[in-house]
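The structure appears below as structure tokens.
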Amino acid sequence: MADSDDEPRRIYAPVVDTPTSYDRDGEDLHPPLDYPAYKSTRLRHPKQPLIYLPQGLTEVTGPALGSAEVLGKLDNDLTRQHDGEAIGERITVTGRVLDTEGKPLRNTLVEIWQANAAGRYRHRWDRFPAPLDPNFSGAGRCVTDDEGRYRFVTVKPGPYPWGNHYNAWRPSHIHFSLLGRAFAQRLVTQLYFPGDPLFPFDPIFNSIADVAARERLVARFSIERSIPDWALCFEFDIFLRGPGATPFEESP
Amino acid sequence: MIFALTPSQTVGPYFAIGLPWPGGPYAVAPGTDGALTIRGTIYDGAGTPIPDYLLETWQADPSGRFADLWAHAGPSELAGFRGFARIGHEDGDGTFEFLTLKPGPVALAGGGVAAPHIDVSLFARGMLGRCVTRIYFADEEAANAADPVLASVPEARRNTLLARAVADGYEIDFRLQGPGETVFFAI
């Protein structure tokens, strides 16, 4: 069924009001795949140069996840996914998913995962002798609203040691996964917290050479959005690639 | 561009607590006519299978249409076709498999037609960003010969993008470095 030679294949073209390409400028702000200070990169980066791929339909389209299929009612509240409340410093994390033109990305899936307040992941590979919290799994997801906004309730993750080098510790962070609206916009990144004393020592944070770009991964504390007698708020806006330049601009 | 991009970071070793889900490896519902399995192994630069990786795929349906929300090209009217698969393991044996339909040809921006292909994103601990590659099909010889992306790949490396037909689908391995290093793309 997938492949019939009996009839001509019909070719579908893109509709005109959606981006036909995504901006390649700024891609060099991402960290290099070969970064010796982060030792695990050594055997896990391509050595041959990347080949330029002209963006086609496969790159400007993207999966439509975010339906009831993947979302549960408490998926965006990591403190209430179990019988008891998670232990730790309760925080809300909110922000907007936008493209680099400032256009909000609506109805797009945002997924997060993190360590608990003691710096321990609920994962069998994590052998850090810090307590697990039976009331904290550390995973959340939501879809953005009409303004591109997402919101999570969670606890602030603790820093934790890792084996990259002597006395290596990761700064507190929350992993973020963004689908955007197109394969070309896919992004996995990490949110950090302002003023973390571990920043100068973390090769993953410092793998981003551009200081301003690196700082964009540090959430802003917001007293205005903090909820009295309940939770501090951290804001983190995420900018995915915007539309590419249109080769033929129409004059008005 | 008005705002600067948010930079990438690694998925790290613990993504499996959040990202994979049981239905992830099904780009099409089980039992769908024409469904086939694509499988292979992912190797690091020492030739060792990578036990902790996240692999995602995205593709058109057999008529060249996509199951996206944004009606770029259809959308796909095939029931049960998601076109997106996510496979993630925390300490597997380096192998992957997903169920899908063979994609049809899709239109190229500058005119012409792209040979059937599946876009692939690969993430792992030790990777500060995603690596993007494509799966083409070795048995689509005529379409592959006319595909401009394949034509832009040095001939000696083209076979790293070609999935070989096997009894219930196709097989393709991904190698991050070394002999037979997979072709990765800048998109």
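Identifiers for the structure tokens are assigned positionally: chains receive A, B, ... in sequence, residues are indexed from 1 per chain, and ligands are indexed from 1 in the order shown.
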**OP:** Tell me the residues of chain B close to chain A, meaning within 6 Å using only C-alpha atoms, as a ChimeraX atom specification.
**Re:** /B:1-3,5-9,18,34,44-45,62,68-69,72-73,102,106-109,126-128,176-177,184-187
Write out, as a PDB file, in the first residue's frame, the residues just selected, with N, CA and C atoms.
```pdb
ATOM      1  N   MET B   1      15.395  38.760  12.273  1.00  0.00           N
ATOM      2  CA  MET B   1      15.479  38.250  13.650  1.00  0.00           C
ATOM      3  C   MET B   1      15.520  39.418  14.632  1.00  0.00           C
ATOM      4  N   ILE B   2      14.588  39.427  15.579  1.00  0.00           N
ATOM      5  CA  ILE B   2      14.540  40.504  16.565  1.00  0.00           C
ATOM      6  C   ILE B   2      15.117  40.015  17.890  1.00  0.00           C
ATOM      7  N   PHE B   3      14.741  38.818  18.274  1.00  0.00           N
ATOM      8  CA  PHE B   3      15.229  38.230  19.513  1.00  0.00           C
ATOM      9  C   PHE B   3      16.255  37.151  19.186  1.00  0.00           C
ATOM     10  N   LEU B   5      18.194  33.573  19.679  1.00  0.00           N
ATOM     11  CA  LEU B   5      17.783  32.204  19.976  1.00  0.00           C
ATOM     12  C   LEU B   5      18.139  31.796  21.408  1.00  0.00           C
ATOM     13  N   THR B   6      17.340  30.900  21.946  1.00  0.00           N
ATOM     14  CA  THR B   6      17.711  30.222  23.186  1.00  0.00           C
ATOM     15  C   THR B   6      18.668  29.092  22.824  1.00  0.00           C
ATOM     16  N   PRO B   7      19.855  29.065  23.419  1.00  0.00           N
ATOM     17  CA  PRO B   7      20.812  28.023  23.033  1.00  0.00           C
ATOM     18  C   PRO B   7      20.449  26.635  23.569  1.00  0.00           C
ATOM     19  N   SER B   8      21.023  25.651  22.930  1.00  0.00           N
ATOM     20  CA  SER B   8      20.773  24.248  23.243  1.00  0.00           C
ATOM     21  C   SER B   8      21.633  23.775  24.421  1.00  0.00           C
ATOM     22  N   GLN B   9      21.176  22.747  25.102  1.00  0.00           N
ATOM     23  CA  GLN B   9      21.974  22.037  26.102  1.00  0.00           C
ATOM     24  C   GLN B   9      21.703  20.532  25.951  1.00  0.00           C
ATOM     25  N   GLY B  18      11.364  11.679  31.875  1.00  0.00           N
ATOM     26  CA  GLY B  18      10.364  12.613  31.369  1.00  0.00           C
ATOM     27  C   GLY B  18       9.916  12.411  29.943  1.00  0.00           C
ATOM     28  N   GLY B  34       0.208  -1.898   5.763  1.00  0.00           N
ATOM     29  CA  GLY B  34       1.464  -1.359   5.249  1.00  0.00           C
ATOM     30  C   GLY B  34       2.469  -0.981   6.322  1.00  0.00           C
ATOM     31  N   ASP B  44      28.815   4.850  19.073  1.00  0.00           N
ATOM     32  CA  ASP B  44      29.674   6.006  19.338  1.00  0.00           C
ATOM     33  C   ASP B  44      30.988   5.866  18.562  1.00  0.00           C
ATOM     34  N   GLY B  45      31.921   6.790  18.820  1.00  0.00           N
ATOM     35  CA  GLY B  45      33.168   6.826  18.057  1.00  0.00           C
ATOM     36  C   GLY B  45      34.104   5.667  18.315  1.00  0.00           C
ATOM     37  N   PRO B  62       2.245   8.002   3.246  1.00  0.00           N
ATOM     38  CA  PRO B  62       2.545   7.476   1.899  1.00  0.00           C
ATOM     39  C   PRO B  62       2.100   8.388   0.762  1.00  0.00           C
ATOM     40  N   ASP B  68       0.646  17.185  10.766  1.00  0.00           N
ATOM     41  CA  ASP B  68       0.901  18.339  11.632  1.00  0.00           C
ATOM     42  C   ASP B  68      -0.374  19.149  11.793  1.00  0.00           C
ATOM     43  N   LEU B  69      -0.387  19.946  12.869  1.00  0.00           N
ATOM     44  CA  LEU B  69      -1.574  20.729  13.185  1.00  0.00           C
ATOM     45  C   LEU B  69      -1.769  21.896  12.241  1.00  0.00           C
ATOM     46  N   HIS B  72       0.134  22.444   6.705  1.00  0.00           N
ATOM     47  CA  HIS B  72       1.105  22.844   5.700  1.00  0.00           C
ATOM     48  C   HIS B  72       0.823  22.175   4.365  1.00  0.00           C
ATOM     49  N   ALA B  73       0.375  20.951   4.435  1.00  0.00           N
ATOM     50  CA  ALA B  73       0.366  20.195   3.188  1.00  0.00           C
ATOM     51  C   ALA B  73      -0.759  19.187   3.141  1.00  0.00           C
ATOM     52  N   LYS B 102       5.913   3.589   5.074  1.00  0.00           N
ATOM     53  CA  LYS B 102       6.929   4.169   4.202  1.00  0.00           C
ATOM     54  C   LYS B 102       6.398   5.501   3.668  1.00  0.00           C
ATOM     55  N   VAL B 106       7.864  13.989  -1.292  1.00  0.00           N
ATOM     56  CA  VAL B 106       7.298  15.289  -0.931  1.00  0.00           C
ATOM     57  C   VAL B 106       7.872  16.374  -1.835  1.00  0.00           C
ATOM     58  N   ALA B 107       7.112  17.463  -1.938  1.00  0.00           N
ATOM     59  CA  ALA B 107       7.516  18.565  -2.816  1.00  0.00           C
ATOM     60  C   ALA B 107       8.749  19.258  -2.269  1.00  0.00           C
ATOM     61  N   LEU B 108       9.592  19.710  -3.166  1.00  0.00           N
ATOM     62  CA  LEU B 108      10.761  20.505  -2.791  1.00  0.00           C
ATOM     63  C   LEU B 108      10.438  21.983  -2.941  1.00  0.00           C
ATOM     64  N   ALA B 109      11.068  22.800  -2.121  1.00  0.00           N
ATOM     65  CA  ALA B 109      10.786  24.236  -2.137  1.00  0.00           C
ATOM     66  C   ALA B 109      11.012  24.835  -3.522  1.00  0.00           C
ATOM     67  N   GLY B 126      26.383  13.772  26.562  1.00  0.00           N
ATOM     68  CA  GLY B 126      27.590  13.950  25.763  1.00  0.00           C
ATOM     69  C   GLY B 126      27.340  14.633  24.431  1.00  0.00           C
ATOM     70  N   MET B 127      26.079  14.958  24.150  1.00  0.00           N
ATOM     71  CA  MET B 127      25.759  15.716  22.934  1.00  0.00           C
ATOM     72  C   MET B 127      25.127  17.026  23.373  1.00  0.00           C
ATOM     73  N   LEU B 128      25.796  18.133  23.096  1.00  0.00           N
ATOM     74  CA  LEU B 128      25.320  19.433  23.559  1.00  0.00           C
ATOM     75  C   LEU B 128      24.188  19.982  22.699  1.00  0.00           C
ATOM     76  N   LEU B 176      28.223   7.762  15.017  1.00  0.00           N
ATOM     77  CA  LEU B 176      28.540   9.165  15.290  1.00  0.00           C
ATOM     78  C   LEU B 176      29.922   9.562  14.797  1.00  0.00           C
ATOM     79  N   GLN B 177      30.840   8.612  14.752  1.00  0.00           N
ATOM     80  CA  GLN B 177      32.222   8.894  14.319  1.00  0.00           C
ATOM     81  C   GLN B 177      32.805   7.650  13.683  1.00  0.00           C
ATOM     82  N   PHE B 184      25.481  13.709   8.831  1.00  0.00           N
ATOM     83  CA  PHE B 184      24.596  14.578   9.605  1.00  0.00           C
ATOM     84  C   PHE B 184      24.460  15.921   8.896  1.00  0.00           C
ATOM     85  N   PHE B 185      23.301  16.533   9.082  1.00  0.00           N
ATOM     86  CA  PHE B 185      22.956  17.739   8.303  1.00  0.00           C
ATOM     87  C   PHE B 185      22.873  18.982   9.175  1.00  0.00           C
ATOM     88  N   ALA B 186      23.186  20.117   8.581  1.00  0.00           N
ATOM     89  CA  ALA B 186      22.879  21.412   9.163  1.00  0.00           C
ATOM     90  C   ALA B 186      21.570  21.869   8.539  1.00  0.00           C
ATOM     91  N   ILE B 187      20.533  22.015   9.382  1.00  0.00           N
ATOM     92  CA  ILE B 187      19.256  22.459   8.815  1.00  0.00           C
ATOM     93  C   ILE B 187      18.980  23.882   9.268  1.00  0.00           C
TER      94      ILE B 187
END
```
Subject >> Every residue of region 4-186 of chain B that DSSP places in helix (DSSP H, G or I), as a PyMOL selection string >> reply: chain B and resi 15-17+141-145+148-152+155-161
Original post:
What lies within 9 Å of Tyr26 (chain B) using only C-alpha atoms, ignoring chain neighbours under 6 positions off, as an MDAnalysis selection string?
Top reply: chainID B and resid 81:86 98:100
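Between CA of Leu78 (chain B) and CA of Pro148 (chain B) lies a distance of 27.9 Å.
Minimum atom-to-atom distance to Asp229 (chain A), evaluated using only C-alpha atoms, belongs to A:Ile91 out of A:Asp77, A:Ile91, A:Phe193, A:Trp162.
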**OP:** Enumerate the residues of region 35-176 of chain B with a DSSP assignment of strand (DSSP E), computed from the backbone, and present them as JSON, numbers by chain.
**Re:** {"B": [36, 37, 38, 39, 40, 41, 42, 43, 53, 54, 55, 56, 57, 58, 59, 84, 85, 86, 87, 88, 89, 95, 96, 97, 98, 99, 100, 106, 107, 113, 114, 117, 118, 119, 120, 121, 122, 123, 124, 131, 132, 133, 134, 135, 136, 137, 162, 163, 164, 165, 166, 169, 170, 171, 174, 175]}
Export C-alpha atoms of the chosen residues as a tab-separated table (two decimals), in the first residue's frame?
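Writing done, so here's part13.tsv:
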```tsv
chain	number	residue	atom	x	y	z
B	36	LEU	CA	6.66	-1.71	8.81
B	37	THR	CA	9.44	-1.68	11.35
B	38	ILE	CA	12.61	0.34	10.96
B	39	ARG	CA	15.39	-0.79	13.24
B	40	GLY	CA	19.11	-0.42	13.77
B	41	THR	CA	21.88	0.33	16.23
B	42	ILE	CA	23.45	3.62	17.27
B	43	TYR	CA	27.25	3.56	17.75
B	53	TYR	CA	19.97	7.94	23.59
B	54	LEU	CA	16.81	9.70	22.53
B	55	LEU	CA	15.82	9.27	18.90
B	56	GLU	CA	12.95	11.10	17.21
B	57	THR	CA	11.62	10.69	13.70
B	58	TRP	CA	9.33	12.85	11.56
B	59	GLN	CA	7.96	12.04	8.12
B	84	PHE	CA	6.38	11.14	14.71
B	85	ALA	CA	8.16	8.51	16.75
B	86	ARG	CA	10.18	8.93	19.92
B	87	ILE	CA	12.41	6.14	21.19
B	88	GLY	CA	14.42	6.67	24.36
B	89	HIS	CA	16.43	4.30	26.49
B	95	THR	CA	19.33	-0.68	19.29
B	96	PHE	CA	16.17	1.14	18.26
B	97	GLU	CA	13.02	0.24	16.41
B	98	PHE	CA	9.87	2.07	15.47
B	99	LEU	CA	6.71	1.25	13.57
B	100	THR	CA	5.72	3.44	10.65
B	106	VAL	CA	7.30	15.29	-0.93
B	107	ALA	CA	7.52	18.57	-2.82
B	113	VAL	CA	10.36	16.12	-5.70
B	114	ALA	CA	12.33	14.74	-2.77
B	117	HIS	CA	12.78	10.11	3.51
B	118	ILE	CA	12.39	10.31	7.27
B	119	ASP	CA	14.01	13.10	9.31
B	120	VAL	CA	15.84	11.93	12.43
B	121	SER	CA	16.91	13.84	15.54
B	122	LEU	CA	19.43	12.19	17.82
B	123	PHE	CA	20.07	13.36	21.39
B	124	ALA	CA	22.20	11.88	24.17
B	131	CYS	CA	22.31	15.68	15.49
B	132	VAL	CA	20.03	15.60	12.46
B	133	THR	CA	20.15	12.94	9.79
B	134	ARG	CA	17.76	11.36	7.32
B	135	ILE	CA	16.66	7.85	6.49
B	136	TYR	CA	16.30	7.15	2.78
B	137	PHE	CA	15.37	3.78	1.31
B	162	LEU	CA	20.13	4.27	3.00
B	163	ALA	CA	17.96	1.82	4.93
B	164	ARG	CA	18.16	-1.74	3.63
B	165	ALA	CA	14.99	-3.77	3.12
B	166	VAL	CA	14.56	-6.75	5.46
B	169	GLY	CA	10.77	-3.48	7.19
B	170	TYR	CA	14.13	-1.78	6.97
B	171	GLU	CA	17.44	-1.64	8.82
B	174	PHE	CA	23.80	5.38	12.91
B	175	ARG	CA	27.50	5.93	13.61
```
**OP:** May I ask which of the residues A:Ala118, A:Arg80, A:Gly95, A:Val211 is the closest one to Leu132 (chain A), counting only C-alpha atoms?
**Re:** A:Ala118
Neighbours of Gly104 (chain B) within 7 Å (only C-alpha atoms; same-chain residues fewer than 6 positions away dropped), as a JSON list (two decimals) with N, CA and C atoms, in the first residue's frame?
```json
[["chain", "number", "residue", "atom", "x", "y", "z"],
["B", 60, "ALA", "N", 6.48, 12.23, 6.26],
["B", 60, "ALA", "CA", 5.20, 12.28, 5.56],
["B", 60, "ALA", "C", 4.53, 10.91, 5.55],
["B", 61, "ASP", "N", 3.25, 10.91, 5.24],
["B", 61, "ASP", "CA", 2.55, 9.64, 5.05],
["B", 61, "ASP", "C", 2.80, 9.14, 3.61],
["B", 62, "PRO", "N", 2.24, 8.00, 3.25],
["B", 62, "PRO", "CA", 2.55, 7.48, 1.90],
["B", 62, "PRO", "C", 2.10, 8.39, 0.76],
["B", 63, "SER", "N", 1.18, 9.33, 1.05],
["B", 63, "SER", "CA", 0.78, 10.26, -0.02],
["B", 63, "SER", "C", 1.57, 11.56, 0.03],
["B", 64, "GLY", "N", 2.55, 11.63, 0.92],
["B", 64, "GLY", "CA", 3.38, 12.83, 0.98],
["B", 64, "GLY", "C", 2.81, 13.93, 1.85],
["B", 116, "PRO", "N", 11.52, 9.64, -1.03],
["B", 116, "PRO", "CA", 10.97, 9.31, 0.29],
["B", 116, "PRO", "C", 12.07, 9.32, 1.35]]
```
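Relative to CA of Arg130 (chain B), CA of Leu161 (chain B) is found at 17.1 Å.
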Subject >> Coordinates-based distance that separates CA of Glu224 (chain A) from CA of Pro171 (chain A) (Å, one decimal) >> reply: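 So the two atoms, CA of Pro171 (chain A) and CA of Glu224 (chain A), lie 25.1 Å apart.
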Subject >> Shell of 12 Å around Asp196 (chain A), only C-alpha atoms, local chain residues under 4 positions omitted, as a PyMOL selection string >> reply: chain A and resi 158-159+169-173+191-192+200-202+205+215+218-219
Dump as a PDB file, in the first residue's frame, selection limited to N, CA and C atoms:
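Saved file selection.pdb follows:
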```
ATOM      1  N   GLY A 158      17.910  20.548  43.514  1.00  0.00           N
ATOM      2  CA  GLY A 158      19.211  20.752  44.147  1.00  0.00           C
ATOM      3  C   GLY A 158      20.342  20.521  43.167  1.00  0.00           C
ATOM      4  N   PRO A 159      21.538  21.071  43.461  1.00  0.00           N
ATOM      5  CA  PRO A 159      22.717  20.726  42.677  1.00  0.00           C
ATOM      6  C   PRO A 159      23.129  19.286  42.976  1.00  0.00           C
ATOM      7  N   TRP A 169      30.181  19.408  40.101  1.00  0.00           N
ATOM      8  CA  TRP A 169      28.780  19.549  40.517  1.00  0.00           C
ATOM      9  C   TRP A 169      28.015  20.291  39.436  1.00  0.00           C
ATOM     10  N   ARG A 170      26.838  19.811  39.126  1.00  0.00           N
ATOM     11  CA  ARG A 170      25.976  20.568  38.212  1.00  0.00           C
ATOM     12  C   ARG A 170      25.240  21.648  38.984  1.00  0.00           C
ATOM     13  N   PRO A 171      25.172  22.864  38.440  1.00  0.00           N
ATOM     14  CA  PRO A 171      24.293  23.867  39.037  1.00  0.00           C
ATOM     15  C   PRO A 171      22.839  23.361  38.992  1.00  0.00           C
ATOM     16  N   SER A 172      22.019  23.868  39.904  1.00  0.00           N
ATOM     17  CA  SER A 172      20.590  23.509  39.858  1.00  0.00           C
ATOM     18  C   SER A 172      20.035  23.833  38.473  1.00  0.00           C
ATOM     19  N   HIS A 173      19.284  22.922  37.911  1.00  0.00           N
ATOM     20  CA  HIS A 173      18.734  23.175  36.572  1.00  0.00           C
ATOM     21  C   HIS A 173      17.487  22.340  36.342  1.00  0.00           C
ATOM     22  N   LEU A 191      17.134  25.143  32.011  1.00  0.00           N
ATOM     23  CA  LEU A 191      16.923  26.392  32.757  1.00  0.00           C
ATOM     24  C   LEU A 191      17.832  26.369  33.973  1.00  0.00           C
ATOM     25  N   TYR A 192      18.510  27.491  34.213  1.00  0.00           N
ATOM     26  CA  TYR A 192      19.316  27.639  35.429  1.00  0.00           C
ATOM     27  C   TYR A 192      18.714  28.726  36.313  1.00  0.00           C
ATOM     28  N   PRO A 200      30.671  29.147  37.339  1.00  0.00           N
ATOM     29  CA  PRO A 200      32.021  29.214  36.751  1.00  0.00           C
ATOM     30  C   PRO A 200      32.668  27.850  36.550  1.00  0.00           C
ATOM     31  N   PHE A 201      32.122  26.825  37.199  1.00  0.00           N
ATOM     32  CA  PHE A 201      32.788  25.523  37.204  1.00  0.00           C
ATOM     33  C   PHE A 201      32.093  24.481  36.345  1.00  0.00           C
ATOM     34  N   ASP A 202      30.983  24.867  35.692  1.00  0.00           N
ATOM     35  CA  ASP A 202      30.174  23.863  34.981  1.00  0.00           C
ATOM     36  C   ASP A 202      30.453  23.896  33.484  1.00  0.00           C
ATOM     37  N   PHE A 205      27.174  24.414  31.162  1.00  0.00           N
ATOM     38  CA  PHE A 205      26.729  25.813  31.090  1.00  0.00           C
ATOM     39  C   PHE A 205      27.709  26.636  30.250  1.00  0.00           C
ATOM     40  N   GLU A 215      23.576  33.581  29.338  1.00  0.00           N
ATOM     41  CA  GLU A 215      22.722  34.203  30.355  1.00  0.00           C
ATOM     42  C   GLU A 215      21.232  34.025  30.040  1.00  0.00           C
ATOM     43  N   VAL A 218      19.426  31.554  32.102  1.00  0.00           N
ATOM     44  CA  VAL A 218      19.222  31.807  33.529  1.00  0.00           C
ATOM     45  C   VAL A 218      17.861  32.470  33.714  1.00  0.00           C
ATOM     46  N   ALA A 219      16.991  31.798  34.468  1.00  0.00           N
ATOM     47  CA  ALA A 219      15.643  32.324  34.689  1.00  0.00           C
ATOM     48  C   ALA A 219      15.717  33.621  35.492  1.00  0.00           C
TER      49      ALA A 219
END
```
Original post:
Using only C-alpha atoms, which of B:Ala167, B:Ala115, B:Leu19, B:Ala4 sits nearest Ala151 (chain B)?
Top reply: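 For Ala151 (chain B), the nearest of the candidates is B:Ala115.
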